[in-house]
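**Q** Contents of coords-v4.pdb (PDB, C-alpha atoms and all ligand atoms):
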ATOM      1  CA  MET A 143      98.946  94.281  74.737
ATOM      2  CA  PHE A 144     101.738  96.851  75.149
ATOM      3  CA  ASN A 145     103.125  95.564  78.456
ATOM      4  CA  ASN A 146     106.872  96.171  78.784
ATOM      5  CA  LEU A 147     107.095  97.776  75.360
ATOM      6  CA  ASN A 148     109.077 100.975  74.959
ATOM      7  CA  ILE A 149     107.339 103.202  72.488
ATOM      8  CA  VAL A 150     108.996 106.451  71.478
ATOM      9  CA  ILE A 151     106.577 109.017  70.106
ATOM     10  CA  GLY A 152     107.691 111.946  67.980
ATOM     11  CA  ILE A 153     105.358 114.922  67.759
ATOM     12  CA  THR A 154     105.863 117.471  64.989
ATOM     13  CA  GLY A 155     104.364 120.880  64.324
ATOM     14  CA  GLY A 156     100.994 120.181  62.786
ATOM     15  CA  ILE A 157      97.495 121.158  63.786
ATOM     16  CA  ALA A 158      96.805 117.514  64.687
ATOM     17  CA  ALA A 159      99.518 117.539  67.390
ATOM     18  CA  TYR A 160      96.858 117.544  70.122
ATOM     19  CA  LYS A 161      95.632 114.165  68.873
ATOM     20  CA  ALA A 162      98.912 112.605  70.042
ATOM     21  CA  CYS A 163      97.597 113.097  73.602
ATOM     22  CA  GLY A 164      94.856 110.482  73.203
ATOM     23  CA  ILE A 165      97.257 108.009  71.637
ATOM     24  CA  ILE A 166      99.829 108.454  74.417
ATOM     25  CA  ASN A 167      97.080 108.027  77.008
ATOM     26  CA  TYR A 168      95.886 104.809  75.415
ATOM     27  CA  LEU A 169      99.370 103.314  75.079
ATOM     28  CA  LYS A 170     100.139 104.136  78.731
ATOM     29  CA  LYS A 171      96.889 102.566  79.919
ATOM     30  CA  GLU A 172      97.724  99.452  77.914
ATOM     31  CA  GLY A 173     101.042  99.105  79.734
ATOM     32  CA  ALA A 174     103.578 100.725  77.404
ATOM     33  CA  ASN A 175     106.411 102.918  78.571
ATOM     34  CA  VAL A 176     106.092 106.042  76.449
ATOM     35  CA  ASP A 177     108.913 108.501  75.834
ATOM     36  CA  VAL A 178     108.152 111.564  73.759
ATOM     37  CA  ILE A 179     110.309 113.825  71.623
ATOM     38  CA  MET A 180     108.689 117.044  70.436
ATOM     39  CA  THR A 181     110.045 119.367  67.778
ATOM     40  CA  ASN A 182     110.296 123.026  68.732
ATOM     41  CA  ASN A 183     107.434 123.693  66.326
ATOM     42  CA  ALA A 184     105.285 121.008  67.981
ATOM     43  CA  CYS A 185     105.718 122.953  71.244
ATOM     44  CA  LYS A 186     103.851 125.848  69.612
ATOM     45  CA  PHE A 187     100.777 123.611  69.223
ATOM     46  CA  ILE A 188     100.759 121.700  72.528
ATOM     47  CA  THR A 189     102.870 122.010  75.631
ATOM     48  CA  PRO A 190     105.527 119.592  76.858
ATOM     49  CA  LEU A 191     103.838 119.861  80.282
ATOM     50  CA  THR A 192     100.685 118.220  78.938
ATOM     51  CA  ILE A 193     102.683 115.462  77.284
ATOM     52  CA  GLU A 194     104.876 114.924  80.362
ATOM     53  CA  THR A 195     101.779 114.591  82.512
ATOM     54  CA  LEU A 196     100.208 112.058  80.152
ATOM     55  CA  SER A 197     103.355 110.047  79.454
ATOM     56  CA  GLY A 198     104.819 110.178  82.950
ATOM     57  CA  ASN A 199     108.225 110.850  81.407
ATOM     58  CA  LYS A 200     110.222 113.974  80.763
ATOM     59  CA  VAL A 201     109.676 115.244  77.245
ATOM     60  CA  VAL A 202     112.750 115.877  75.156
ATOM     61  CA  CYS A 203     112.709 118.909  72.850
ATOM     62  CA  ASP A 204     116.115 120.512  72.939
ATOM     63  CA  MET A 205     119.066 118.465  71.761
ATOM     64  CA  PHE A 206     121.543 120.614  73.663
ATOM     65  CA  GLU A 207     119.729 120.849  76.982
ATOM     66  CA  THR A 208     122.087 119.897  79.811
ATOM     67  CA  PRO A 209     121.042 116.425  80.925
ATOM     68  CA  ASP A 210     120.251 115.700  84.601
ATOM     69  CA  TYR A 211     122.608 112.766  84.419
ATOM     70  CA  ILE A 212     125.062 111.402  81.875
ATOM     71  CA  ASP A 213     122.824 110.169  79.123
ATOM     72  CA  VAL A 214     123.166 110.928  75.445
ATOM     73  CA  LYS A 215     119.423 111.126  74.886
ATOM     74  CA  HIS A 216     119.211 110.741  71.140
ATOM     75  CA  ILE A 217     121.199 107.529  71.411
ATOM     76  CA  SER A 218     119.519 106.189  74.545
ATOM     77  CA  LEU A 219     116.011 106.726  73.144
ATOM     78  CA  ALA A 220     117.057 105.390  69.739
ATOM     79  CA  ASN A 221     118.294 102.184  71.385
ATOM     80  CA  LYS A 222     115.422 101.939  73.840
ATOM     81  CA  ALA A 223     112.638 102.108  71.236
ATOM     82  CA  ASP A 224     110.781  98.908  70.411
ATOM     83  CA  LEU A 225     108.760 101.083  68.084
ATOM     84  CA  PHE A 226     109.008 104.686  66.985
ATOM     85  CA  LEU A 227     105.767 106.457  66.062
ATOM     86  CA  ILE A 228     105.745 109.985  64.679
ATOM     87  CA  VAL A 229     102.281 111.419  65.147
ATOM     88  CA  PRO A 230     101.471 113.708  63.498
ATOM     89  CA  ALA A 231     104.248 113.652  60.906
ATOM     90  CA  THR A 232     104.749 116.890  58.965
ATOM     91  CA  ALA A 233     105.970 117.202  55.384
ATOM     92  CA  ASN A 234     109.068 118.738  56.960
ATOM     93  CA  ILE A 235     110.090 115.713  59.072
ATOM     94  CA  ILE A 236     109.520 113.407  56.094
ATOM     95  CA  GLY A 237     111.723 115.643  53.955
ATOM     96  CA  LYS A 238     114.437 115.769  56.591
ATOM     97  CA  VAL A 239     114.586 112.025  57.202
ATOM     98  CA  ALA A 240     114.398 111.215  53.484
ATOM     99  CA  ASN A 241     117.418 113.408  52.914
ATOM    100  CA  GLY A 242     119.543 112.347  55.838
ATOM    101  CA  ILE A 243     119.099 115.558  57.785
ATOM    102  CA  ALA A 244     119.547 115.249  61.534
ATOM    103  CA  ASP A 245     119.343 118.809  62.852
ATOM    104  CA  ASP A 246     117.122 118.455  65.904
ATOM    105  CA  MET A 247     116.428 115.873  68.580
ATOM    106  CA  LEU A 248     113.640 114.119  66.681
ATOM    107  CA  SER A 249     115.349 113.798  63.294
ATOM    108  CA  THR A 250     118.643 112.822  64.969
ATOM    109  CA  THR A 251     117.011 110.093  67.062
ATOM    110  CA  ILE A 252     115.135 108.733  64.031
ATOM    111  CA  MET A 253     118.458 108.609  62.201
ATOM    112  CA  ALA A 254     120.072 106.681  65.054
ATOM    113  CA  THR A 255     117.371 104.110  65.744
ATOM    114  CA  LYS A 256     117.239 100.566  64.429
ATOM    115  CA  SER A 257     113.621 100.105  65.508
ATOM    116  CA  LYS A 258     110.629 100.194  63.190
ATOM    117  CA  VAL A 259     109.646 103.785  62.461
ATOM    118  CA  VAL A 260     106.049 104.689  61.612
ATOM    119  CA  PHE A 261     104.992 108.060  60.247
ATOM    120  CA  ALA A 262     101.316 109.002  60.690
ATOM    121  CA  LEU A 263     100.987 111.681  58.043
ATOM    122  CA  ALA A 264      98.910 114.836  58.406
ATOM    123  CA  MET A 265      99.154 117.899  56.246
ATOM    124  CA  ASN A 266      97.342 120.221  53.881
ATOM    125  CA  ASN A 267      96.360 118.382  50.692
ATOM    126  CA  GLY A 268      98.562 120.635  48.552
ATOM    127  CA  MET A 269     101.548 119.627  50.651
ATOM    128  CA  TYR A 270     100.529 115.961  50.589
ATOM    129  CA  GLU A 271     100.091 115.919  46.803
ATOM    130  CA  ASN A 272     103.371 117.748  46.191
ATOM    131  CA  LYS A 273     105.628 115.523  44.099
ATOM    132  CA  ILE A 274     108.590 116.172  46.363
ATOM    133  CA  VAL A 275     106.650 114.969  49.401
ATOM    134  CA  GLN A 276     105.387 111.937  47.467
ATOM    135  CA  ASP A 277     108.926 111.131  46.315
ATOM    136  CA  ASN A 278     110.188 111.412  49.888
ATOM    137  CA  ILE A 279     107.481 109.013  51.084
ATOM    138  CA  LYS A 280     108.274 106.545  48.292
ATOM    139  CA  LYS A 281     111.982 106.694  49.090
ATOM    140  CA  LEU A 282     111.421 106.132  52.801
ATOM    141  CA  LYS A 283     109.053 103.200  52.125
ATOM    142  CA  GLU A 284     111.799 101.613  50.035
ATOM    143  CA  TYR A 285     114.152 101.994  53.014
ATOM    144  CA  GLY A 286     111.633 100.166  55.237
ATOM    145  CA  TYR A 287     109.887 103.030  57.005
ATOM    146  CA  TYR A 288     106.157 102.587  57.651
ATOM    147  CA  PHE A 289     103.435 105.061  56.780
ATOM    148  CA  ILE A 290      99.895 105.574  57.990
ATOM    149  CA  GLU A 291      98.211 107.437  55.177
ATOM    150  CA  PRO A 292      96.172 110.525  55.951
ATOM    151  CA  ALA A 293      92.400 110.305  55.739
ATOM    152  CA  TYR A 294      89.949 112.273  53.646
ATOM    153  CA  GLY A 295      88.040 114.903  55.568
ATOM    154  CA  HIS A 296      87.699 118.515  56.553
ATOM    155  CA  LEU A 297      91.177 120.026  56.843
ATOM    156  CA  ALA A 298      92.155 122.916  59.100
ATOM    157  CA  CYS A 299      92.730 125.037  55.982
ATOM    158  CA  GLY A 300      89.016 124.733  55.176
ATOM    159  CA  THR A 301      89.051 122.255  52.289
ATOM    160  CA  ASN A 302      87.703 118.722  52.126
ATOM    161  CA  ALA A 303      90.564 116.572  50.909
ATOM    162  CA  LYS A 304      93.090 113.891  51.813
ATOM    163  CA  GLY A 305      95.456 115.149  54.475
ATOM    164  CA  LYS A 306      93.730 114.651  57.806
ATOM    165  CA  LEU A 307      95.476 112.539  60.446
ATOM    166  CA  ALA A 308      94.070 108.987  60.404
ATOM    167  CA  LYS A 309      91.661 108.152  63.223
ATOM    168  CA  SER A 310      93.437 107.411  66.515
ATOM    169  CA  GLU A 311      91.934 103.905  66.612
ATOM    170  CA  ASP A 312      93.355 103.184  63.145
ATOM    171  CA  ILE A 313      96.796 104.399  64.252
ATOM    172  CA  ILE A 314      96.647 102.238  67.372
ATOM    173  CA  ASN A 315      95.524  99.193  65.366
ATOM    174  CA  TYR A 316      98.418  99.727  62.945
ATOM    175  CA  VAL A 317     100.861  99.870  65.857
ATOM    176  CA  LYS A 318      99.350  96.717  67.395
ATOM    177  CA  VAL A 319     100.036  94.766  64.207
ATOM    178  CA  LEU A 320     103.634  95.988  64.051
ATOM    179  CA  VAL A 321     104.507  95.067  67.646
ATOM    180  CA  LYS A 322     102.923  91.597  67.533
TER     181      LYS A 322
HETATM  182  C1  LIG B 401      98.532 126.558  62.085
HETATM  183  C2  LIG B 401      99.536 125.702  61.375
HETATM  184  C3  LIG B 401      99.233 124.388  61.089
HETATM  185  C4  LIG B 401     100.144 123.574  60.418
HETATM  186  N1  LIG B 401      99.797 122.296  60.157
HETATM  187  C5  LIG B 401     100.670 121.503  59.488
HETATM  188  C6  LIG B 401     100.323 120.155  59.194
HETATM  189  O1  LIG B 401      99.253 119.654  59.559
HETATM  190  N2  LIG B 401     101.223 119.404  58.509
HETATM  191  C7  LIG B 401     102.427 119.909  58.090
HETATM  192  O2  LIG B 401     103.181 119.186  57.434
HETATM  193  N3  LIG B 401     102.784 121.183  58.380
HETATM  194  C8  LIG B 401     101.942 121.969  59.070
HETATM  195  N4  LIG B 401     102.302 123.257  59.364
HETATM  196  C9  LIG B 401     103.632 123.751  58.946
HETATM  197  C10 LIG B 401     104.721 123.234  59.889
HETATM  198  O3  LIG B 401     104.483 123.719  61.212
HETATM  199  C11 LIG B 401     106.090 123.695  59.380
HETATM  200  O4  LIG B 401     106.366 123.074  58.129
HETATM  201  C12 LIG B 401     107.191 123.398  60.378
HETATM  202  O5  LIG B 401     108.429 123.788  59.822
HETATM  203  C13 LIG B 401     107.245 121.937  60.796
HETATM  204  O6  LIG B 401     108.310 121.766  61.682
HETATM  205  P1  LIG B 401     108.624 120.369  62.398
HETATM  206  O7  LIG B 401     108.467 119.292  61.357
HETATM  207  O8  LIG B 401     110.034 120.515  62.855
HETATM  208  O9  LIG B 401     107.701 120.227  63.543
HETATM  209  C14 LIG B 401     101.414 124.093  60.046
HETATM  210  C15 LIG B 401     101.734 125.415  60.368
HETATM  211  C16 LIG B 401     100.815 126.199  61.020
HETATM  212  C17 LIG B 401     101.189 127.628  61.362
END
What is this file in structure tokens?
Ligand SMILES: Cc1cc2nc3c(=O)[nH]c(=O)nc-3n(C[C@H](O)[C@H](O)[C@H](O)COP(=O)(O)O)c2cc1C
**A**
Amino acid sequence: MFNNLNIVIGITGGIAAYKACGIINYLKKEGANVDVIMTNNACKFITPLTIETLSGNKVVCDMFETPDYIDVKHISLANKADLFLIVPATANIIGKVANGIADDMLSTTIMATKSKVVFALAMNNGMYENKIVQDNIKKLKEYGYYFIEPAYGHLACGTNAKGKLAKSEDIINYVKVLVK
């Protein structure tokens, strides 16, 4: 299904960051080449080592890290992506992209890519319901960005509400439709 497809995954700093591992594993097994960009905050939730082991590729976190060879990473990954999936996507990354902010490797690469970009949202329900976040989502949808809505369920903050990352199988099915 994913043979020869280059999928770039962005991982941001949410409690659901560990769930990206299963998705990366699945995409790899199905034949995709998976490159991963993690925000610095994502690295507080899961380690680049885990993601490098699962993806088989070096994880990019720091925009200003000296490259091993001449390769402007945010441009090369932006051009390479057949699909860009941000999982989980924080309120922060949505806010940054919606407002043209490119201040780290992930937001800069999203800004540079011409591929389809999918945000799989996950956040506390207060954040999700915040009008600013909702406006940012609406704006990005109008620009052609794709969204996988969060699910209802038990959130890390202890409440039962909408904000949980969608089930991995639903995220994968969404991606399958987009790359067809
Ligand atoms: C334990 C913990 C869990 C968090 N979970 C989320 C989350 O699920 N969604 C979210 O939008 N922010 C969450 N945050 C807040 C983000 O980490 C924070 O907004 C951060 O600036 C996001 O940075 P990034 O988008 O660059 O990764 C969490 C913070 C902590 C300490």
**Q** Which is closest to Ala223 of chain A among A:Ala264, A:Ile279, A:Val176, A:Ile166, if we use only C-alpha atoms?
**A**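 Ranked by minimum distance to Ala223 of chain A, first place goes to A:Val176.
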**Q** Written as an NGL selection string, what is the full residue list that the PyMOL selection byres (((chain A and resi 190) around 12) and not hetatm) yields on the file shown?
**A** :A and (152-153 or 159-160 or 162-163 or 177-189 or 191-204)
**Q** Check what the PyMOL selection byres (((chain A and resi 271-277) around 10) and not hetatm) selects in the file above and give those residues as a ChimeraX atom specification.
**A** /A:232-234,236-237,240,265-270,278-283,304-305
**Q** Counting only C-alpha atoms and all ligand atoms, figure out which residue out of A:Asn221, A:Ser249, A:Asn241, A:Ser310 gets nearest to ligand LIG 401 (chain B).
**A**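 Of all the options, A:Ser249 lies closest to ligand LIG 401 (chain B).
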**Q** In Å to one decimal, how far is atom CA of Met253 of chain A from atom C5 of ligand LIG 401 (chain B)?
**A**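 The value is 22.1 Å.
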**Q** For Leu225 of chain A, please output as a PyMOL selection string all residues within 12 Å (counting all atoms listed in the file; exclusion window: fewer than 2 positions along the same chain).
**A** chain A and resi 144+146-152+169+174-178+219-223+227-228+252+255-261+287-288+316-322
**Q** Choose the residue, out of A:Ile217, A:Ile165, A:Val239, A:Ile313, that has the smallest atom-to-atom separation from ligand LIG 401 (chain B); count all atoms listed in the file.
**A** A:Val239
**Q** Looking at A:Asp246, A:Glu172, A:Asp312, A:Glu207, which one is nearest to ligand LIG 401 (chain B), with distances taken over only C-alpha atoms and all ligand atoms?
**A**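 Looking at the shortest contact to ligand LIG 401 (chain B), the residue is A:Asp246.
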**Q** Out of A:Gly286, A:Gly156, A:Glu291, A:His216, which residue has the shortest atom-to-atom distance to Ala254 of chain A when counting only C-alpha atoms?
**A**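 Closest residue, counting only C-alpha atoms: A:His216.
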**Q** I'd like to know which of A:Ile157, A:Ala293, A:Ile314, A:Ala244 is closest to ligand LIG 401 (chain B), using all atoms listed in the file.
**A**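 That would be A:Ile157, the residue with the smallest distance to ligand LIG 401 (chain B).
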**Q** Between atom C2 of ligand LIG 401 (chain B) and atom CA of Phe289 of chain A, what is the distance, to one decimal in Å?
**A**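 Taking atom C2 of ligand LIG 401 (chain B) and atom CA of Phe289 of chain A, their separation equals 21.5 Å.
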**Q** Expressed in Å to a single decimal, how great is the separation between atom CA of Lys161 of chain A and atom CA of Gly300 of chain A?
**A**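 Separating atom CA of Lys161 of chain A from atom CA of Gly300 of chain A is a distance of 18.5 Å.
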**Q** Box for ligand LIG 401 (chain B): with edges along x, y and z, all listed atoms inside and 6 Å added on each side, what are the centre and edge lengths in Å to one decimal, as lines of an AutoDock Vina configuration file?
**A**
center_x = 104.3
center_y = 123.4
center_z = 60.5
size_x = 23.5
size_y = 20.4
size_z = 18.1
**Q** Take the PyMOL selection byres (((chain A and resi 308) around 6) and not hetatm), apply it to the structure above, and return the hits as a ChimeraX atom specification.
**A** /A:292-293,307,309
